[in-house]
Structures are given as C-alpha cells and as structure tokens.
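*Asks:* I am sharing query-v2.pdb, which consists of PDB, N, CA and C atoms and all ligand atoms:
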ATOM      1  N   MET A 284      -6.955 -77.799   5.044  1.00  0.00           N
ATOM      2  CA  MET A 284      -5.711 -78.243   5.682  1.00  0.00           C
ATOM      3  C   MET A 284      -4.732 -78.689   4.614  1.00  0.00           C
ATOM      4  N   ASP A 285      -3.563 -78.139   4.655  1.00  0.00           N
ATOM      5  CA  ASP A 285      -2.547 -78.497   3.670  1.00  0.00           C
ATOM      6  C   ASP A 285      -1.676 -79.607   4.239  1.00  0.00           C
ATOM      7  N   ALA A 286      -1.698 -80.737   3.563  1.00  0.00           N
ATOM      8  CA  ALA A 286      -0.930 -81.869   4.077  1.00  0.00           C
ATOM      9  C   ALA A 286      -0.412 -82.698   2.906  1.00  0.00           C
ATOM     10  N   ASP A 287       0.729 -83.301   3.115  1.00  0.00           N
ATOM     11  CA  ASP A 287       1.287 -84.218   2.136  1.00  0.00           C
ATOM     12  C   ASP A 287       1.040 -85.640   2.595  1.00  0.00           C
ATOM     13  N   ARG A 288       0.952 -86.514   1.642  1.00  0.00           N
ATOM     14  CA  ARG A 288       0.732 -87.913   1.989  1.00  0.00           C
ATOM     15  C   ARG A 288       1.851 -88.756   1.403  1.00  0.00           C
ATOM     16  N   SER A 289       2.144 -89.808   2.115  1.00  0.00           N
ATOM     17  CA  SER A 289       3.144 -90.740   1.615  1.00  0.00           C
ATOM     18  C   SER A 289       2.729 -92.155   1.968  1.00  0.00           C
ATOM     19  N   ALA A 290       3.360 -93.087   1.305  1.00  0.00           N
ATOM     20  CA  ALA A 290       3.231 -94.489   1.679  1.00  0.00           C
ATOM     21  C   ALA A 290       4.585 -94.901   2.240  1.00  0.00           C
ATOM     22  N   ASP A 291       4.576 -95.314   3.495  1.00  0.00           N
ATOM     23  CA  ASP A 291       5.808 -95.761   4.140  1.00  0.00           C
ATOM     24  C   ASP A 291       5.833 -97.281   4.177  1.00  0.00           C
ATOM     25  N   VAL A 292       6.891 -97.852   3.637  1.00  0.00           N
ATOM     26  CA  VAL A 292       7.103 -99.283   3.817  1.00  0.00           C
ATOM     27  C   VAL A 292       7.930 -99.440   5.080  1.00  0.00           C
ATOM     28  N   VAL A 293       7.335-100.070   6.078  1.00  0.00           N
ATOM     29  CA  VAL A 293       7.953-100.186   7.394  1.00  0.00           C
ATOM     30  C   VAL A 293       8.385-101.631   7.621  1.00  0.00           C
ATOM     31  N   GLU A 294       9.629-101.782   8.037  1.00  0.00           N
ATOM     32  CA  GLU A 294      10.153-103.115   8.289  1.00  0.00           C
ATOM     33  C   GLU A 294      10.148-103.390   9.788  1.00  0.00           C
ATOM     34  N   PHE A 295       9.720-104.596  10.140  1.00  0.00           N
ATOM     35  CA  PHE A 295       9.740-105.044  11.529  1.00  0.00           C
ATOM     36  C   PHE A 295      10.657-106.251  11.625  1.00  0.00           C
ATOM     37  N   PHE A 296      11.526-106.213  12.636  1.00  0.00           N
ATOM     38  CA  PHE A 296      12.426-107.336  12.858  1.00  0.00           C
ATOM     39  C   PHE A 296      12.352-107.730  14.318  1.00  0.00           C
ATOM     40  N   CYS A 297      11.936-108.955  14.566  1.00  0.00           N
ATOM     41  CA  CYS A 297      11.783-109.436  15.931  1.00  0.00           C
ATOM     42  C   CYS A 297      13.117-109.980  16.441  1.00  0.00           C
ATOM     43  N   PRO A 298      13.673-109.373  17.507  1.00  0.00           N
ATOM     44  CA  PRO A 298      14.960-109.844  18.030  1.00  0.00           C
ATOM     45  C   PRO A 298      14.840-111.171  18.769  1.00  0.00           C
ATOM     46  N   GLU A 299      13.616-111.551  19.136  1.00  0.00           N
ATOM     47  CA  GLU A 299      13.434-112.793  19.893  1.00  0.00           C
ATOM     48  C   GLU A 299      13.555-114.017  18.990  1.00  0.00           C
ATOM     49  N   CYS A 300      12.883-113.959  17.828  1.00  0.00           N
ATOM     50  CA  CYS A 300      12.859-115.153  16.981  1.00  0.00           C
ATOM     51  C   CYS A 300      13.373-114.863  15.569  1.00  0.00           C
ATOM     52  N   GLU A 301      13.835-113.616  15.329  1.00  0.00           N
ATOM     53  CA  GLU A 301      14.415-113.215  14.049  1.00  0.00           C
ATOM     54  C   GLU A 301      13.410-113.260  12.908  1.00  0.00           C
ATOM     55  N   HIS A 302      12.127-113.191  13.245  1.00  0.00           N
ATOM     56  CA  HIS A 302      11.106-113.073  12.215  1.00  0.00           C
ATOM     57  C   HIS A 302      11.143-111.644  11.663  1.00  0.00           C
ATOM     58  N   ARG A 303      11.049-111.520  10.336  1.00  0.00           N
ATOM     59  CA  ARG A 303      11.134-110.214   9.700  1.00  0.00           C
ATOM     60  C   ARG A 303       9.957-110.057   8.751  1.00  0.00           C
ATOM     61  N   TRP A 304       9.303-108.886   8.803  1.00  0.00           N
ATOM     62  CA  TRP A 304       8.198-108.653   7.878  1.00  0.00           C
ATOM     63  C   TRP A 304       8.055-107.152   7.618  1.00  0.00           C
ATOM     64  N   THR A 305       7.268-106.826   6.623  1.00  0.00           N
ATOM     65  CA  THR A 305       7.043-105.416   6.296  1.00  0.00           C
ATOM     66  C   THR A 305       5.543-105.141   6.210  1.00  0.00           C
ATOM     67  N   ARG A 306       5.193-103.885   6.466  1.00  0.00           N
ATOM     68  CA  ARG A 306       3.825-103.405   6.298  1.00  0.00           C
ATOM     69  C   ARG A 306       3.892-102.050   5.583  1.00  0.00           C
ATOM     70  N   GLU A 307       2.890-101.769   4.780  1.00  0.00           N
ATOM     71  CA  GLU A 307       2.845-100.463   4.143  1.00  0.00           C
ATOM     72  C   GLU A 307       1.810 -99.592   4.848  1.00  0.00           C
ATOM     73  N   TYR A 308       2.284 -98.460   5.368  1.00  0.00           N
ATOM     74  CA  TYR A 308       1.421 -97.516   6.073  1.00  0.00           C
ATOM     75  C   TYR A 308       1.151 -96.320   5.167  1.00  0.00           C
ATOM     76  N   GLU A 309      -0.048 -95.778   5.307  1.00  0.00           N
ATOM     77  CA  GLU A 309      -0.359 -94.509   4.678  1.00  0.00           C
ATOM     78  C   GLU A 309      -0.101 -93.426   5.721  1.00  0.00           C
ATOM     79  N   VAL A 310       0.637 -92.398   5.341  1.00  0.00           N
ATOM     80  CA  VAL A 310       1.023 -91.369   6.290  1.00  0.00           C
ATOM     81  C   VAL A 310       0.585 -90.003   5.769  1.00  0.00           C
ATOM     82  N   VAL A 311      -0.023 -89.222   6.647  1.00  0.00           N
ATOM     83  CA  VAL A 311      -0.360 -87.839   6.330  1.00  0.00           C
ATOM     84  C   VAL A 311       0.584 -86.946   7.122  1.00  0.00           C
ATOM     85  N   HIS A 312       1.299 -86.097   6.419  1.00  0.00           N
ATOM     86  CA  HIS A 312       2.247 -85.185   7.044  1.00  0.00           C
ATOM     87  C   HIS A 312       1.677 -83.770   6.942  1.00  0.00           C
ATOM     88  N   GLY A 313       1.633 -83.085   8.036  1.00  0.00           N
ATOM     89  CA  GLY A 313       1.105 -81.732   8.006  1.00  0.00           C
ATOM     90  C   GLY A 313       1.837 -80.823   8.967  1.00  0.00           C
ATOM     91  N   GLN A 314       1.493 -79.543   8.880  1.00  0.00           N
ATOM     92  CA  GLN A 314       2.117 -78.561   9.765  1.00  0.00           C
ATOM     93  C   GLN A 314       1.046 -77.587  10.234  1.00  0.00           C
ATOM     94  N   LEU A 315       0.956 -77.398  11.530  1.00  0.00           N
ATOM     95  CA  LEU A 315       0.012 -76.447  12.081  1.00  0.00           C
ATOM     96  C   LEU A 315       0.547 -75.033  11.890  1.00  0.00           C
ATOM     97  N   PRO A 316      -0.362 -74.040  11.937  1.00  0.00           N
ATOM     98  CA  PRO A 316       0.096 -72.637  11.804  1.00  0.00           C
ATOM     99  C   PRO A 316       1.189 -72.279  12.804  1.00  0.00           C
ATOM    100  N   SER A 317       1.192 -72.944  13.952  1.00  0.00           N
ATOM    101  CA  SER A 317       2.218 -72.678  14.958  1.00  0.00           C
ATOM    102  C   SER A 317       3.578 -73.227  14.561  1.00  0.00           C
ATOM    103  N   GLY A 318       3.598 -74.027  13.481  1.00  0.00           N
ATOM    104  CA  GLY A 318       4.851 -74.606  13.051  1.00  0.00           C
ATOM    105  C   GLY A 318       5.045 -76.034  13.504  1.00  0.00           C
ATOM    106  N   TYR A 319       4.122 -76.507  14.309  1.00  0.00           N
ATOM    107  CA  TYR A 319       4.224 -77.873  14.831  1.00  0.00           C
ATOM    108  C   TYR A 319       3.985 -78.890  13.716  1.00  0.00           C
ATOM    109  N   LEU A 320       4.909 -79.800  13.558  1.00  0.00           N
ATOM    110  CA  LEU A 320       4.782 -80.841  12.535  1.00  0.00           C
ATOM    111  C   LEU A 320       4.090 -82.062  13.126  1.00  0.00           C
ATOM    112  N   TYR A 321       3.180 -82.628  12.349  1.00  0.00           N
ATOM    113  CA  TYR A 321       2.505 -83.817  12.840  1.00  0.00           C
ATOM    114  C   TYR A 321       2.419 -84.861  11.740  1.00  0.00           C
ATOM    115  N   GLU A 322       2.215 -86.090  12.143  1.00  0.00           N
ATOM    116  CA  GLU A 322       2.055 -87.200  11.211  1.00  0.00           C
ATOM    117  C   GLU A 322       0.908 -88.086  11.690  1.00  0.00           C
ATOM    118  N   PHE A 323       0.060 -88.460  10.761  1.00  0.00           N
ATOM    119  CA  PHE A 323      -0.981 -89.436  11.050  1.00  0.00           C
ATOM    120  C   PHE A 323      -0.670 -90.696  10.276  1.00  0.00           C
ATOM    121  N   PHE A 324      -0.819 -91.844  10.929  1.00  0.00           N
ATOM    122  CA  PHE A 324      -0.554 -93.125  10.273  1.00  0.00           C
ATOM    123  C   PHE A 324      -1.841 -93.901  10.114  1.00  0.00           C
ATOM    124  N   ARG A 325      -1.947 -94.581   8.982  1.00  0.00           N
ATOM    125  CA  ARG A 325      -3.082 -95.471   8.776  1.00  0.00           C
ATOM    126  C   ARG A 325      -2.571 -96.794   8.213  1.00  0.00           C
ATOM    127  N   LEU A 326      -3.168 -97.858   8.713  1.00  0.00           N
ATOM    128  CA  LEU A 326      -2.835 -99.199   8.260  1.00  0.00           C
ATOM    129  C   LEU A 326      -4.151 -99.871   7.884  1.00  0.00           C
ATOM    130  N   ASN A 327      -4.233-100.365   6.673  1.00  0.00           N
ATOM    131  CA  ASN A 327      -5.496-100.921   6.174  1.00  0.00           C
ATOM    132  C   ASN A 327      -6.639 -99.936   6.374  1.00  0.00           C
ATOM    133  N   ARG A 328      -6.332 -98.649   6.147  1.00  0.00           N
ATOM    134  CA  ARG A 328      -7.312 -97.561   6.212  1.00  0.00           C
ATOM    135  C   ARG A 328      -7.794 -97.255   7.620  1.00  0.00           C
ATOM    136  N   LEU A 329      -7.212 -97.860   8.614  1.00  0.00           N
ATOM    137  CA  LEU A 329      -7.575 -97.563  10.003  1.00  0.00           C
ATOM    138  C   LEU A 329      -6.479 -96.724  10.639  1.00  0.00           C
ATOM    139  N   PRO A 330      -6.861 -95.705  11.422  1.00  0.00           N
ATOM    140  CA  PRO A 330      -5.847 -94.901  12.096  1.00  0.00           C
ATOM    141  C   PRO A 330      -5.120 -95.716  13.155  1.00  0.00           C
ATOM    142  N   VAL A 331      -3.815 -95.603  13.162  1.00  0.00           N
ATOM    143  CA  VAL A 331      -3.000 -96.348  14.119  1.00  0.00           C
ATOM    144  C   VAL A 331      -1.924 -95.426  14.690  1.00  0.00           C
ATOM    145  N   MET A 332      -1.273 -95.883  15.741  1.00  0.00           N
ATOM    146  CA  MET A 332      -0.146 -95.159  16.305  1.00  0.00           C
ATOM    147  C   MET A 332       1.047 -95.269  15.361  1.00  0.00           C
ATOM    148  N   SER A 333       1.992 -94.353  15.522  1.00  0.00           N
ATOM    149  CA  SER A 333       3.200 -94.418  14.712  1.00  0.00           C
ATOM    150  C   SER A 333       3.936 -95.738  14.958  1.00  0.00           C
ATOM    151  N   PRO A 334       4.264 -96.445  13.879  1.00  0.00           N
ATOM    152  CA  PRO A 334       4.977 -97.714  14.063  1.00  0.00           C
ATOM    153  C   PRO A 334       6.427 -97.519  14.491  1.00  0.00           C
ATOM    154  N   TYR A 335       6.886 -96.251  14.499  1.00  0.00           N
ATOM    155  CA  TYR A 335       8.279 -95.977  14.857  1.00  0.00           C
ATOM    156  C   TYR A 335       8.463 -95.787  16.356  1.00  0.00           C
ATOM    157  N   PHE A 336       7.343 -95.857  17.092  1.00  0.00           N
ATOM    158  CA  PHE A 336       7.422 -95.777  18.543  1.00  0.00           C
ATOM    159  C   PHE A 336       6.893 -97.075  19.127  1.00  0.00           C
ATOM    160  N   GLN A 337       7.332 -97.370  20.323  1.00  0.00           N
ATOM    161  CA  GLN A 337       6.988 -98.651  20.939  1.00  0.00           C
ATOM    162  C   GLN A 337       5.475 -98.841  21.039  1.00  0.00           C
ATOM    163  N   GLU A 338       4.754 -97.731  21.322  1.00  0.00           N
ATOM    164  CA  GLU A 338       3.306 -97.831  21.494  1.00  0.00           C
ATOM    165  C   GLU A 338       2.615 -98.294  20.213  1.00  0.00           C
ATOM    166  N   GLY A 339       3.216 -97.985  19.061  1.00  0.00           N
ATOM    167  CA  GLY A 339       2.593 -98.333  17.791  1.00  0.00           C
ATOM    168  C   GLY A 339       3.191 -99.569  17.153  1.00  0.00           C
ATOM    169  N   GLY A 340       4.042-100.263  17.898  1.00  0.00           N
ATOM    170  CA  GLY A 340       4.660-101.466  17.362  1.00  0.00           C
ATOM    171  C   GLY A 340       3.647-102.561  17.112  1.00  0.00           C
ATOM    172  N   LEU A 341       4.050-103.549  16.353  1.00  0.00           N
ATOM    173  CA  LEU A 341       3.167-104.661  16.034  1.00  0.00           C
ATOM    174  C   LEU A 341       3.659-105.938  16.712  1.00  0.00           C
ATOM    175  N   PRO A 342       2.717-106.802  17.122  1.00  0.00           N
ATOM    176  CA  PRO A 342       3.132-108.076  17.709  1.00  0.00           C
ATOM    177  C   PRO A 342       3.681-109.014  16.637  1.00  0.00           C
ATOM    178  N   CYS A 343       4.756-109.673  16.987  1.00  0.00           N
ATOM    179  CA  CYS A 343       5.348-110.661  16.092  1.00  0.00           C
ATOM    180  C   CYS A 343       4.359-111.809  15.874  1.00  0.00           C
ATOM    181  N   ALA A 344       4.199-112.209  14.614  1.00  0.00           N
ATOM    182  CA  ALA A 344       3.250-113.271  14.289  1.00  0.00           C
ATOM    183  C   ALA A 344       3.716-114.621  14.832  1.00  0.00           C
ATOM    184  N   GLN A 345       4.999-114.747  15.109  1.00  0.00           N
ATOM    185  CA  GLN A 345       5.525-116.041  15.545  1.00  0.00           C
ATOM    186  C   GLN A 345       5.605-116.183  17.057  1.00  0.00           C
ATOM    187  N   CYS A 346       5.993-115.088  17.749  1.00  0.00           N
ATOM    188  CA  CYS A 346       6.198-115.234  19.192  1.00  0.00           C
ATOM    189  C   CYS A 346       5.446-114.201  20.008  1.00  0.00           C
ATOM    190  N   GLY A 347       4.770-113.241  19.358  1.00  0.00           N
ATOM    191  CA  GLY A 347       3.970-112.284  20.083  1.00  0.00           C
ATOM    192  C   GLY A 347       4.745-111.120  20.672  1.00  0.00           C
ATOM    193  N   ASN A 348       6.037-111.107  20.511  1.00  0.00           N
ATOM    194  CA  ASN A 348       6.859-110.009  20.988  1.00  0.00           C
ATOM    195  C   ASN A 348       6.483-108.725  20.247  1.00  0.00           C
ATOM    196  N   ARG A 349       6.362-107.612  20.964  1.00  0.00           N
ATOM    197  CA  ARG A 349       6.001-106.359  20.311  1.00  0.00           C
ATOM    198  C   ARG A 349       7.244-105.712  19.698  1.00  0.00           C
ATOM    199  N   VAL A 350       7.147-105.417  18.402  1.00  0.00           N
ATOM    200  CA  VAL A 350       8.310-104.964  17.643  1.00  0.00           C
ATOM    201  C   VAL A 350       8.054-103.562  17.106  1.00  0.00           C
ATOM    202  N   THR A 351       9.028-102.674  17.282  1.00  0.00           N
ATOM    203  CA  THR A 351       8.962-101.330  16.732  1.00  0.00           C
ATOM    204  C   THR A 351       9.510-101.341  15.309  1.00  0.00           C
ATOM    205  N   GLY A 352       8.845-100.617  14.416  1.00  0.00           N
ATOM    206  CA  GLY A 352       9.229-100.630  13.017  1.00  0.00           C
ATOM    207  C   GLY A 352      10.325 -99.638  12.677  1.00  0.00           C
ATOM    208  N   THR A 353      10.956 -99.873  11.552  1.00  0.00           N
ATOM    209  CA  THR A 353      11.919 -98.922  11.006  1.00  0.00           C
ATOM    210  C   THR A 353      11.536 -98.630   9.561  1.00  0.00           C
ATOM    211  N   LEU A 354      11.774 -97.400   9.145  1.00  0.00           N
ATOM    212  CA  LEU A 354      11.394 -96.986   7.801  1.00  0.00           C
ATOM    213  C   LEU A 354      12.304 -97.643   6.768  1.00  0.00           C
ATOM    214  N   LEU A 355      11.672 -98.355   5.839  1.00  0.00           N
ATOM    215  CA  LEU A 355      12.437 -99.013   4.791  1.00  0.00           C
ATOM    216  C   LEU A 355      12.409 -98.172   3.517  1.00  0.00           C
ATOM    217  N   GLN A 356      11.224 -97.623   3.219  1.00  0.00           N
ATOM    218  CA  GLN A 356      11.077 -96.836   1.997  1.00  0.00           C
ATOM    219  C   GLN A 356       9.911 -95.880   2.161  1.00  0.00           C
ATOM    220  N   ARG A 357      10.089 -94.651   1.713  1.00  0.00           N
ATOM    221  CA  ARG A 357       9.004 -93.665   1.758  1.00  0.00           C
ATOM    222  C   ARG A 357       8.719 -93.193   0.341  1.00  0.00           C
ATOM    223  N   ARG A 358       7.469 -93.307  -0.031  1.00  0.00           N
ATOM    224  CA  ARG A 358       7.057 -92.927  -1.386  1.00  0.00           C
ATOM    225  C   ARG A 358       5.976 -91.862  -1.278  1.00  0.00           C
ATOM    226  N   LEU A 359       6.270 -90.665  -1.775  1.00  0.00           N
ATOM    227  CA  LEU A 359       5.278 -89.590  -1.729  1.00  0.00           C
ATOM    228  C   LEU A 359       4.193 -89.848  -2.759  1.00  0.00           C
ATOM    229  N   TRP A 360       2.954 -89.579  -2.343  1.00  0.00           N
ATOM    230  CA  TRP A 360       1.827 -89.766  -3.234  1.00  0.00           C
ATOM    231  C   TRP A 360       1.672 -88.536  -4.114  1.00  0.00           C
ATOM    232  N   GLN A 361       1.370 -88.774  -5.369  1.00  0.00           N
ATOM    233  CA  GLN A 361       0.996 -87.678  -6.253  1.00  0.00           C
ATOM    234  C   GLN A 361      -0.480 -87.373  -6.033  1.00  0.00           C
ATOM    235  N   ARG A 362      -0.843 -86.130  -6.299  1.00  0.00           N
ATOM    236  CA  ARG A 362      -2.229 -85.726  -6.053  1.00  0.00           C
ATOM    237  C   ARG A 362      -3.213 -86.620  -6.799  1.00  0.00           C
ATOM    238  N   HIS A 363      -2.885 -86.938  -8.041  1.00  0.00           N
ATOM    239  CA  HIS A 363      -3.858 -87.701  -8.851  1.00  0.00           C
ATOM    240  C   HIS A 363      -3.960 -89.149  -8.413  1.00  0.00           C
ATOM    241  N   GLU A 364      -3.092 -89.556  -7.500  1.00  0.00           N
ATOM    242  CA  GLU A 364      -3.149 -90.941  -7.014  1.00  0.00           C
ATOM    243  C   GLU A 364      -4.056 -91.086  -5.801  1.00  0.00           C
ATOM    244  N   GLU A 365      -4.582 -89.986  -5.318  1.00  0.00           N
ATOM    245  CA  GLU A 365      -5.367 -90.048  -4.097  1.00  0.00           C
ATOM    246  C   GLU A 365      -6.576 -90.961  -4.276  1.00  0.00           C
ATOM    247  N   GLU A 366      -6.851 -91.684  -3.213  1.00  0.00           N
ATOM    248  CA  GLU A 366      -7.903 -92.678  -3.275  1.00  0.00           C
ATOM    249  C   GLU A 366      -9.253 -92.012  -3.550  1.00  0.00           C
ATOM    250  N   SER A 367     -10.112 -92.702  -4.259  1.00  0.00           N
ATOM    251  CA  SER A 367     -11.432 -92.179  -4.581  1.00  0.00           C
ATOM    252  C   SER A 367     -12.478 -93.144  -4.041  1.00  0.00           C
ATOM    253  N   GLY A 368     -12.806 -92.996  -2.818  1.00  0.00           N
ATOM    254  CA  GLY A 368     -13.832 -93.847  -2.260  1.00  0.00           C
ATOM    255  C   GLY A 368     -13.211 -94.766  -1.259  1.00  0.00           C
TER     256      GLY A 368
HETATM  257 ZN    ZN A 401       9.185-113.049  17.213  1.00  0.00          ZN
END
For the file at hand, write its structure as structure tokens.
Ligand SMILES: [Zn+2]
*Replies:*
Amino acid sequence: MDADRSADVVEFFCPECEHRWTREYEVVHGQLPSGYLYEFFRLNRLPVMSPYFQEGGLPCAQCGNRVTGTLLQRRLWQRHEEESG
C-alpha cells in the first residue's frame, strides 16, 4: 500500500470557556485504486476519528465541551523518520 504520512498539529479552541490547546496527530494519507482518498488518524499511537469532524473532537479539559480541531501545522514525514518499534 502506497501511503504518505504526516504529523498534524491540531488546535482545539473551546468556545464555552475559551480554553485552547493543541495535540499532534499522526496521519496516514492514501489513495485507493479507484481514486478514493482516505486518511487515518492516530493519537498516542491509537487509531482515532478525524479531529476535523465533530465525531472525532476532543472534550475540553476544563468544561467537558466537545471541540472540533483545526489544522495548525502539517509536517510530512521523511521515510527515514518512520518509527522503528
Ligand atoms: Zn471548555
């Protein structure tokens, strides 16, 4: 499977209490033979939903409100940087 990987720094901003934080997600970007583009997200090495959709949002640490993330920075991984173990 041919896929590119990136590290996305995702920013979350809670509109309820104005708490702001960031998380770094590992993202695998790929394309099926049909042309369909897909993305897999991992946080702390666990597969998670996309943080850019409501379903994959994170609860605010201060008030528990579920917050959808926005992309702050995307850094493509070089092949030699791939994790070993
Ligand atoms: Zn909050």
*Asks:* If the limit is 8 Å from any atom of ligand ZN 401 (chain A), counting only C-alpha atoms and all ligand atoms, which residues qualify? Return them as an NGL selection string.
*Replies:* :A and (296-302 or 342-348)
*Asks:* Considering only C-alpha atoms, state which residue in the set A:Leu320, A:Phe295, A:Leu315, A:Arg288 is at the smallest distance from Arg349 of chain A.
*Replies:*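 Distance minimum relative to Arg349 of chain A lands on A:Phe295.
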*Asks:* Output as JSON the centre and edge lengths (Å, one decimal) of the box along x, y and z of the file that holds every listed atom of segment 348-358 of chain A after adding 6 Å on each side.
*Replies:*
{"center_x": 9.2, "center_y": -101.5, "center_z": 9.8, "size_x": 18.5, "size_y": 31.2, "size_z": 34.4}
*Asks:* In Å to one decimal, how far is atom N of Gly318 of chain A from atom CA of Leu355 of chain A?
*Replies:* 27.9 Å
*Asks:* From the list A:Tyr308, A:Phe323, A:Leu329, A:Glu294, which residue is nearest Thr353 of chain A when using only N, CA and C atoms?
*Replies:*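 Counting only N, CA and C atoms, the residue closest to Thr353 of chain A is A:Glu294.
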*Asks:* Atom CA of Leu359 of chain A to atom N of Ser289 of chain A: how many Å, to one decimal?
*Replies:*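 Taking atom CA of Leu359 of chain A and atom N of Ser289 of chain A, their separation equals 5.0 Å.
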*Asks:* Between atom CA of Trp360 of chain A and atom CA of Trp304 of chain A, what is the spacing in Å?
*Replies:*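 Taking atom CA of Trp304 of chain A and atom CA of Trp360 of chain A, their separation equals 22.8 Å.
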*Asks:* Missing atoms in segment 349-356 of chain A should be modelled up to all heavy atoms and reported as a PDB file, keeping the file's coordinate frame.
*Replies:*
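What landed in rebuild_36.pdb:
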ATOM      1  N   ARG A 349       6.362-107.612  20.964  1.00  0.00           N
ATOM      2  CA  ARG A 349       6.001-106.359  20.311  1.00  0.00           C
ATOM      3  C   ARG A 349       7.244-105.712  19.698  1.00  0.00           C
ATOM      4  O   ARG A 349       8.242-105.508  20.383  1.00  0.00           O
ATOM      5  CB  ARG A 349       5.335-105.400  21.291  1.00  0.00           C
ATOM      6  CG  ARG A 349       4.804-104.149  20.635  1.00  0.00           C
ATOM      7  CD  ARG A 349       3.901-103.384  21.578  1.00  0.00           C
ATOM      8  NE  ARG A 349       2.591-104.011  21.687  1.00  0.00           N
ATOM      9  CZ  ARG A 349       1.557-103.731  20.872  1.00  0.00           C
ATOM     10  NH1 ARG A 349       1.701-102.859  19.907  1.00  0.00           N
ATOM     11  NH2 ARG A 349       0.404-104.339  21.029  1.00  0.00           N
ATOM     12  N   VAL A 350       7.147-105.417  18.402  1.00  0.00           N
ATOM     13  CA  VAL A 350       8.310-104.964  17.643  1.00  0.00           C
ATOM     14  C   VAL A 350       8.054-103.562  17.106  1.00  0.00           C
ATOM     15  O   VAL A 350       6.995-103.279  16.547  1.00  0.00           O
ATOM     16  CB  VAL A 350       8.591-105.926  16.474  1.00  0.00           C
ATOM     17  CG1 VAL A 350       9.820-105.473  15.687  1.00  0.00           C
ATOM     18  CG2 VAL A 350       8.791-107.351  16.988  1.00  0.00           C
ATOM     19  N   THR A 351       9.028-102.674  17.282  1.00  0.00           N
ATOM     20  CA  THR A 351       8.962-101.330  16.732  1.00  0.00           C
ATOM     21  C   THR A 351       9.510-101.341  15.309  1.00  0.00           C
ATOM     22  O   THR A 351      10.498-102.009  15.019  1.00  0.00           O
ATOM     23  CB  THR A 351       9.793-100.368  17.601  1.00  0.00           C
ATOM     24  OG1 THR A 351       9.307-100.428  18.937  1.00  0.00           O
ATOM     25  CG2 THR A 351       9.666 -98.933  17.099  1.00  0.00           C
ATOM     26  N   GLY A 352       8.845-100.617  14.416  1.00  0.00           N
ATOM     27  CA  GLY A 352       9.229-100.630  13.017  1.00  0.00           C
ATOM     28  C   GLY A 352      10.325 -99.638  12.677  1.00  0.00           C
ATOM     29  O   GLY A 352      10.584 -98.692  13.423  1.00  0.00           O
ATOM     30  N   THR A 353      10.956 -99.873  11.552  1.00  0.00           N
ATOM     31  CA  THR A 353      11.919 -98.922  11.006  1.00  0.00           C
ATOM     32  C   THR A 353      11.536 -98.630   9.561  1.00  0.00           C
ATOM     33  O   THR A 353      11.043 -99.500   8.838  1.00  0.00           O
ATOM     34  CB  THR A 353      13.364 -99.466  11.044  1.00  0.00           C
ATOM     35  OG1 THR A 353      13.402-100.720  10.350  1.00  0.00           O
ATOM     36  CG2 THR A 353      13.837 -99.684  12.459  1.00  0.00           C
ATOM     37  N   LEU A 354      11.774 -97.400   9.145  1.00  0.00           N
ATOM     38  CA  LEU A 354      11.394 -96.986   7.801  1.00  0.00           C
ATOM     39  C   LEU A 354      12.304 -97.643   6.768  1.00  0.00           C
ATOM     40  O   LEU A 354      13.525 -97.515   6.819  1.00  0.00           O
ATOM     41  CB  LEU A 354      11.486 -95.468   7.681  1.00  0.00           C
ATOM     42  CG  LEU A 354      11.141 -94.880   6.313  1.00  0.00           C
ATOM     43  CD1 LEU A 354       9.706 -95.187   5.928  1.00  0.00           C
ATOM     44  CD2 LEU A 354      11.383 -93.382   6.318  1.00  0.00           C
ATOM     45  N   LEU A 355      11.672 -98.355   5.839  1.00  0.00           N
ATOM     46  CA  LEU A 355      12.437 -99.013   4.791  1.00  0.00           C
ATOM     47  C   LEU A 355      12.409 -98.172   3.517  1.00  0.00           C
ATOM     48  O   LEU A 355      13.416 -98.019   2.842  1.00  0.00           O
ATOM     49  CB  LEU A 355      11.840-100.397   4.522  1.00  0.00           C
ATOM     50  CG  LEU A 355      12.681-101.407   3.772  1.00  0.00           C
ATOM     51  CD1 LEU A 355      13.950-101.734   4.533  1.00  0.00           C
ATOM     52  CD2 LEU A 355      11.888-102.677   3.521  1.00  0.00           C
ATOM     53  N   GLN A 356      11.224 -97.623   3.219  1.00  0.00           N
ATOM     54  CA  GLN A 356      11.077 -96.836   1.997  1.00  0.00           C
ATOM     55  C   GLN A 356       9.911 -95.880   2.161  1.00  0.00           C
ATOM     56  O   GLN A 356       8.862 -96.256   2.689  1.00  0.00           O
ATOM     57  CB  GLN A 356      10.814 -97.774   0.814  1.00  0.00           C
ATOM     58  CG  GLN A 356      10.768 -97.068  -0.522  1.00  0.00           C
ATOM     59  CD  GLN A 356      10.358 -98.023  -1.637  1.00  0.00           C
ATOM     60  OE1 GLN A 356      10.023 -99.161  -1.393  1.00  0.00           O
ATOM     61  NE2 GLN A 356      10.391 -97.541  -2.852  1.00  0.00           N
TER      62      GLN A 356
END
